[in-house]
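Below: final_29.pdb (PDB, C-alpha atoms, pLDDT in the B column)
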```pdb
ATOM      1  CA  MET A 218       0.000   0.000   0.000  1.00 84.00           C
ATOM      2  CA  TYR A 219       2.846   2.372   0.851  1.00 82.00           C
ATOM      3  CA  ASP A 220       4.473   1.964  -2.575  1.00 85.00           C
ATOM      4  CA  ILE A 221       1.197   2.587  -4.411  1.00 90.00           C
ATOM      5  CA  LEU A 222       0.453   5.700  -2.365  1.00 89.00           C
ATOM      6  CA  LYS A 223       3.985   6.969  -2.914  1.00 87.00           C
ATOM      7  CA  LEU A 224       3.620   6.469  -6.691  1.00 88.00           C
ATOM      8  CA  ILE A 225       0.276   8.311  -6.759  1.00 91.00           C
ATOM      9  CA  HIS A 226       1.771  11.087  -4.635  1.00 90.00           C
ATOM     10  CA  SER A 227       4.713  11.395  -7.017  1.00 88.00           C
ATOM     11  CA  LEU A 228       2.548  11.458 -10.155  1.00 91.00           C
ATOM     12  CA  LEU A 229       0.224  14.053  -8.663  1.00 94.00           C
ATOM     13  CA  ARG A 230       3.284  16.203  -7.967  1.00 91.00           C
ATOM     14  CA  TRP A 231       3.882  16.530 -11.719  1.00 93.00           C
ATOM     15  CA  THR A 232       0.215  17.273 -12.403  1.00 96.00           C
ATOM     16  CA  ILE A 233       0.253  20.047  -9.813  1.00 97.00           C
ATOM     17  CA  LEU A 234       3.521  21.508 -11.090  1.00 96.00           C
ATOM     18  CA  ILE A 235       2.249  21.566 -14.689  1.00 97.00           C
ATOM     19  CA  LEU A 236      -1.076  23.151 -13.695  1.00 97.00           C
ATOM     20  CA  LEU A 237       0.651  25.621 -11.381  1.00 97.00           C
ATOM     21  CA  ILE A 238       3.102  26.770 -14.049  1.00 97.00           C
ATOM     22  CA  THR A 239       0.286  26.982 -16.609  1.00 97.00           C
ATOM     23  CA  SER A 240      -1.807  29.064 -14.228  1.00 96.00           C
ATOM     24  CA  ILE A 241       1.125  31.388 -13.500  1.00 97.00           C
ATOM     25  CA  ILE A 242       1.901  31.891 -17.197  1.00 96.00           C
ATOM     26  CA  LYS A 243      -1.744  32.514 -18.099  1.00 95.00           C
ATOM     27  CA  SER A 244      -2.136  34.921 -15.177  1.00 95.00           C
ATOM     28  CA  LEU A 245       0.975  36.834 -16.169  1.00 96.00           C
ATOM     29  CA  GLN A 246      -0.212  37.001 -19.782  1.00 95.00           C
ATOM     30  CA  GLY A 247      -3.608  38.214 -18.584  1.00 94.00           C
ATOM     31  CA  MET A 248      -2.034  40.950 -16.456  1.00 92.00           C
ATOM     32  CA  VAL A 249       0.303  42.120 -19.223  1.00 94.00           C
ATOM     33  CA  SER A 250      -2.232  42.015 -22.075  1.00 94.00           C
ATOM     34  CA  LYS A 251      -5.146  43.223 -19.914  1.00 91.00           C
ATOM     35  CA  ARG A 252      -7.410  40.546 -21.364  1.00 92.00           C
ATOM     36  CA  VAL A 253     -10.685  39.272 -19.979  1.00 93.00           C
ATOM     37  CA  TYR A 254     -10.614  36.534 -17.355  1.00 92.00           C
ATOM     38  CA  ALA A 255     -11.883  33.587 -19.403  1.00 91.00           C
ATOM     39  CA  SER A 256     -13.499  30.329 -18.385  1.00 91.00           C
ATOM     40  CA  SER A 257     -10.259  28.525 -19.317  1.00 91.00           C
ATOM     41  CA  ASP A 258      -8.438  30.581 -16.663  1.00 91.00           C
ATOM     42  CA  ASN A 259     -11.092  29.602 -14.146  1.00 92.00           C
ATOM     43  CA  LYS A 260     -10.881  25.919 -15.116  1.00 95.00           C
ATOM     44  CA  ILE A 261      -7.104  25.775 -14.777  1.00 96.00           C
ATOM     45  CA  SER A 262      -7.250  27.240 -11.274  1.00 95.00           C
ATOM     46  CA  LEU A 263     -10.111  24.858 -10.414  1.00 96.00           C
ATOM     47  CA  PHE A 264      -8.214  21.789 -11.664  1.00 97.00           C
ATOM     48  CA  LEU A 265      -5.127  23.015  -9.827  1.00 97.00           C
ATOM     49  CA  MET A 266      -7.050  23.321  -6.572  1.00 97.00           C
ATOM     50  CA  ILE A 267      -8.718  19.910  -7.051  1.00 97.00           C
ATOM     51  CA  SER A 268      -5.335  18.301  -7.770  1.00 97.00           C
ATOM     52  CA  ALA A 269      -3.761  19.977  -4.742  1.00 97.00           C
ATOM     53  CA  HIS A 270      -6.572  18.823  -2.458  1.00 97.00           C
ATOM     54  CA  THR A 271      -6.423  15.291  -3.883  1.00 97.00           C
ATOM     55  CA  GLN A 272      -2.685  15.355  -3.230  1.00 96.00           C
ATOM     56  CA  LEU A 273      -3.403  16.440   0.339  1.00 96.00           C
ATOM     57  CA  LEU A 274      -5.753  13.491   0.888  1.00 95.00           C
ATOM     58  CA  VAL A 275      -3.175  11.036  -0.452  1.00 95.00           C
ATOM     59  CA  ALA A 276      -0.493  12.735   1.650  1.00 92.00           C
ATOM     60  CA  ILE A 277      -2.533  12.435   4.845  1.00 92.00           C
ATOM     61  CA  VAL A 278      -2.829   8.669   4.391  1.00 93.00           C
ATOM     62  CA  LEU A 279       0.830   8.456   3.364  1.00 89.00           C
ATOM     63  CA  TYR A 280       1.824  10.447   6.437  1.00 87.00           C
ATOM     64  CA  PHE A 281       0.480   7.746   8.733  1.00 88.00           C
ATOM     65  CA  VAL A 282       1.828   4.714   6.848  1.00 87.00           C
ATOM     66  CA  SER A 283       5.263   6.040   5.867  1.00 81.00           C
ATOM     67  CA  PRO A 284       8.305   4.632   7.648  1.00 77.00           C
ATOM     68  CA  PHE A 285       9.912   8.084   7.268  1.00 74.00           C
ATOM     69  CA  VAL A 286       7.399   9.792   9.532  1.00 75.00           C
ATOM     70  CA  GLN A 287       8.096   9.288  13.222  1.00 76.00           C
ATOM     71  CA  PHE A 288       6.774  11.212  16.174  1.00 75.00           C
ATOM     72  CA  ASP A 289       9.468  10.526  18.747  1.00 76.00           C
ATOM     73  CA  ALA A 290      12.265  12.877  19.769  1.00 73.00           C
ATOM     74  CA  ASN A 291      14.934  10.557  18.396  1.00 75.00           C
ATOM     75  CA  GLY A 292      13.476  10.829  14.896  1.00 69.00           C
ATOM     76  CA  MET A 293      14.286  14.519  14.768  1.00 72.00           C
ATOM     77  CA  LYS A 294      17.986  13.707  14.830  1.00 75.00           C
ATOM     78  CA  TYR A 295      17.832  12.198  11.343  1.00 74.00           C
ATOM     79  CA  ASP A 296      17.526  14.509   8.334  1.00 73.00           C
ATOM     80  CA  GLU A 297      15.192  12.300   6.323  1.00 75.00           C
ATOM     81  CA  ILE A 298      12.778  11.618   9.179  1.00 75.00           C
ATOM     82  CA  ARG A 299      12.706  15.264  10.266  1.00 76.00           C
ATOM     83  CA  PHE A 300      12.214  16.385   6.668  1.00 78.00           C
ATOM     84  CA  PHE A 301       9.172  14.191   6.016  1.00 78.00           C
ATOM     85  CA  THR A 302       7.691  14.501   9.500  1.00 77.00           C
ATOM     86  CA  MET A 303       7.909  18.291   9.781  1.00 81.00           C
ATOM     87  CA  GLU A 304       9.491  20.315   6.975  1.00 85.00           C
ATOM     88  CA  HIS A 305       7.978  18.765   3.837  1.00 87.00           C
ATOM     89  CA  THR A 306       4.579  18.455   5.462  1.00 89.00           C
ATOM     90  CA  THR A 307       4.436  22.020   6.749  1.00 93.00           C
ATOM     91  CA  MET A 308       5.661  23.637   3.532  1.00 94.00           C
ATOM     92  CA  MET A 309       3.315  21.631   1.328  1.00 95.00           C
ATOM     93  CA  LEU A 310       0.357  22.403   3.560  1.00 96.00           C
ATOM     94  CA  ILE A 311       1.173  26.120   3.312  1.00 97.00           C
ATOM     95  CA  ALA A 312       1.444  25.802  -0.493  1.00 97.00           C
ATOM     96  CA  ILE A 313      -1.977  24.128  -0.710  1.00 97.00           C
ATOM     97  CA  VAL A 314      -3.498  26.879   1.439  1.00 97.00           C
ATOM     98  CA  LEU A 315      -1.961  29.494  -0.889  1.00 98.00           C
ATOM     99  CA  ILE A 316      -3.297  27.736  -4.000  1.00 97.00           C
ATOM    100  CA  THR A 317      -6.753  27.602  -2.414  1.00 97.00           C
ATOM    101  CA  LEU A 318      -6.630  31.251  -1.328  1.00 97.00           C
ATOM    102  CA  GLY A 319      -5.449  32.294  -4.783  1.00 96.00           C
ATOM    103  CA  ARG A 320      -8.428  30.579  -6.362  1.00 95.00           C
ATOM    104  CA  ILE A 321     -10.991  31.902  -3.871  1.00 95.00           C
ATOM    105  CA  LEU A 322      -9.681  35.460  -3.701  1.00 95.00           C
ATOM    106  CA  GLY A 323      -9.037  35.513  -7.439  1.00 93.00           C
ATOM    107  CA  LYS A 324     -12.638  34.599  -8.176  1.00 91.00           C
ATOM    108  CA  LYS A 325     -13.891  37.255  -5.755  1.00 93.00           C
ATOM    109  CA  ALA A 326     -11.798  40.074  -7.244  1.00 92.00           C
ATOM    110  CA  ALA A 327     -13.909  42.831  -8.790  1.00 91.00           C
ATOM    111  CA  THR A 328     -11.843  43.233 -11.968  1.00 92.00           C
ATOM    112  CA  ASP A 329     -10.198  40.841 -14.396  1.00 91.00           C
ATOM    113  CA  ALA A 330      -6.826  42.442 -13.661  1.00 92.00           C
ATOM    114  CA  GLY A 331      -7.395  41.785  -9.949  1.00 93.00           C
ATOM    115  CA  LYS A 332      -8.239  38.152 -10.639  1.00 94.00           C
ATOM    116  CA  PHE A 333      -5.070  37.637 -12.653  1.00 95.00           C
ATOM    117  CA  LYS A 334      -2.952  39.501 -10.107  1.00 95.00           C
ATOM    118  CA  ARG A 335      -4.182  37.472  -7.135  1.00 96.00           C
ATOM    119  CA  LEU A 336      -3.857  34.171  -8.970  1.00 96.00           C
ATOM    120  CA  PHE A 337      -0.359  35.070 -10.119  1.00 96.00           C
ATOM    121  CA  TRP A 338       1.040  36.106  -6.735  1.00 97.00           C
ATOM    122  CA  TYR A 339      -0.536  33.363  -4.648  1.00 97.00           C
ATOM    123  CA  ASN A 340       0.486  30.710  -7.181  1.00 97.00           C
ATOM    124  CA  ILE A 341       4.036  31.999  -7.640  1.00 98.00           C
ATOM    125  CA  ILE A 342       4.613  31.918  -3.882  1.00 98.00           C
ATOM    126  CA  ALA A 343       3.068  28.429  -3.695  1.00 97.00           C
ATOM    127  CA  LEU A 344       5.334  27.272  -6.535  1.00 97.00           C
ATOM    128  CA  LEU A 345       8.455  28.545  -4.782  1.00 97.00           C
ATOM    129  CA  ILE A 346       7.458  26.774  -1.566  1.00 96.00           C
ATOM    130  CA  ILE A 347       6.678  23.543  -3.430  1.00 95.00           C
ATOM    131  CA  LEU A 348       9.984  23.632  -5.286  1.00 92.00           C
ATOM    132  CA  ALA A 349      11.798  24.107  -1.966  1.00 90.00           C
ATOM    133  CA  ALA A 350       9.857  21.260  -0.321  1.00 88.00           C
ATOM    134  CA  ILE A 351      10.241  18.610  -3.017  1.00 84.00           C
ATOM    135  CA  PRO A 352      12.999  16.107  -2.202  1.00 79.00           C
ATOM    136  CA  TRP A 353      14.825  16.497  -5.529  1.00 71.00           C
ATOM    137  CA  PRO A 354      17.239  13.657  -6.413  1.00 70.00           C
ATOM    138  CA  ILE A 355      20.131  16.049  -7.134  1.00 63.00           C
ATOM    139  CA  VAL A 356      19.785  18.439  -4.192  1.00 62.00           C
ATOM    140  CA  GLY A 357      20.482  18.018  -0.507  1.00 64.00           C
ATOM    141  CA  MET A 358      20.743  15.043   1.752  1.00 61.00           C
ATOM    142  CA  VAL A 359      17.066  14.061   1.495  1.00 60.00           C
ATOM    143  CA  HIS A 360      16.015  12.986  -1.980  1.00 56.00           C
ATOM    144  CA  ARG A 361      13.610  10.765  -3.876  1.00 60.00           C
ATOM    145  CA  PRO A 362      13.461   9.610  -7.509  1.00 57.00           C
ATOM    146  CA  LEU A 363      11.607  11.826  -9.973  1.00 59.00           C
ATOM    147  CA  PHE A 364       8.920   9.155 -10.443  1.00 54.00           C
TER
END
```
C-alpha cells encoding of this file:
Amino acid sequence: MYDILKLIHSLLRWTILILLITSIIKSLQGMVSKRVYASSDNKISLFLMISAHTQLLVAIVLYFVSPFVQFDANGMKYDEIRFFTMEHTTMMLIAIVLITLGRILGKKAATDAGKFKRLFWYNIIALLIILAAIPWPIVGMVHRPLF
C-alpha cells in the first residue's frame, strides 16, 4: 500500500507543477495584455485546486503509513525523518493553502486584472514553496526519484 500511495503522490506532484506553471503563465499574460478573465483561466485554477486537495488526501494517508514519519524525539535527529515529519509536510500544507486562497480570492476580485494579479502572486509563492519542499534527487541530503 505504501508503494502505491507513494507512486500516486509522485505522479500528482507533476500534475500540480504543470497546472501551477500553466496558471502562472496565463495569469501573467492576462495581467500584461489586460485581457478578460476567461473560463479557461477559471478551469485551470479549479483543476489546480482539485489536484492539490487530492494530493493532500493522499499525503494524509501516506503520512500515517510512511516509515519516514516518526513522532518521537529521536526521529528529529535524522535529516530524512525530520524532513518528512515536519518540513515537507508544513511547507506543502502552506502551499496548498496558498493555492486555495489564490483561487478563492481571485474569483472574488472585482476586476479581471485583480483576478489575474491574485492568482499570479498566490500561485508563484506556492510554486516557490513547493519547489523548496520537493525532495529532488540532485539536491540536498534528502532525496527521492523523480517518479
Give me the region 221-293 of chain A side of the contact with region 340-354 of chain A, cut-off 8 Å, one line per residue showing its nearest atom pair and distance in Å at one decimal, counting only C-alpha atoms, sorted by chain and residue number, as a Markdown table.
```
| residue | atom | partner | partner_atom | distance |
| --- | --- | --- | --- | --- |
| A:Leu234 | CA | A:Leu344 | CA | 7.6 |
| A:Leu237 | CA | A:Asn340 | CA | 6.6 |
| A:Ile238 | CA | A:Leu344 | CA | 7.9 |
| A:Ser240 | CA | A:Asn340 | CA | 7.6 |
| A:Ile241 | CA | A:Asn340 | CA | 6.4 |
```
- Check which residues satisfy the PyMOL selection byres ((chain A and resi 298-305) around 10) in the file shown, then give them as a ChimeraX atom specification. /A:280-281,283-288,290-297,306-310,346-347,349-352,358-359
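Using only C-alpha atoms, the contacts of region 222-224 of chain A at a cut-off of 12 Å, with sequence neighbours closer than 3 positions omitted, comprise Met218, Tyr219, Ser227, Leu228, Leu229, Arg230, Trp231, Thr271, Gln272, Leu273, Leu274, Val275, Ala276, Ile277, Val278, Leu279, Tyr280, Phe281, Val282, Ser283, Pro284, Phe285, Arg361, Pro362, Leu363 and Phe364 of chain A.
Ranking A:His270, A:Lys260, A:His226, A:Arg320 by their shortest atom-to-atom distance to Lys332 (chain A), with all atoms listed in the file included, puts A:Arg320 first.
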- State, in Å with one decimal place, the distance from CA of Lys325 (chain A) to CA of Leu263 (chain A).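 These two atoms are separated by 13.8 Å.
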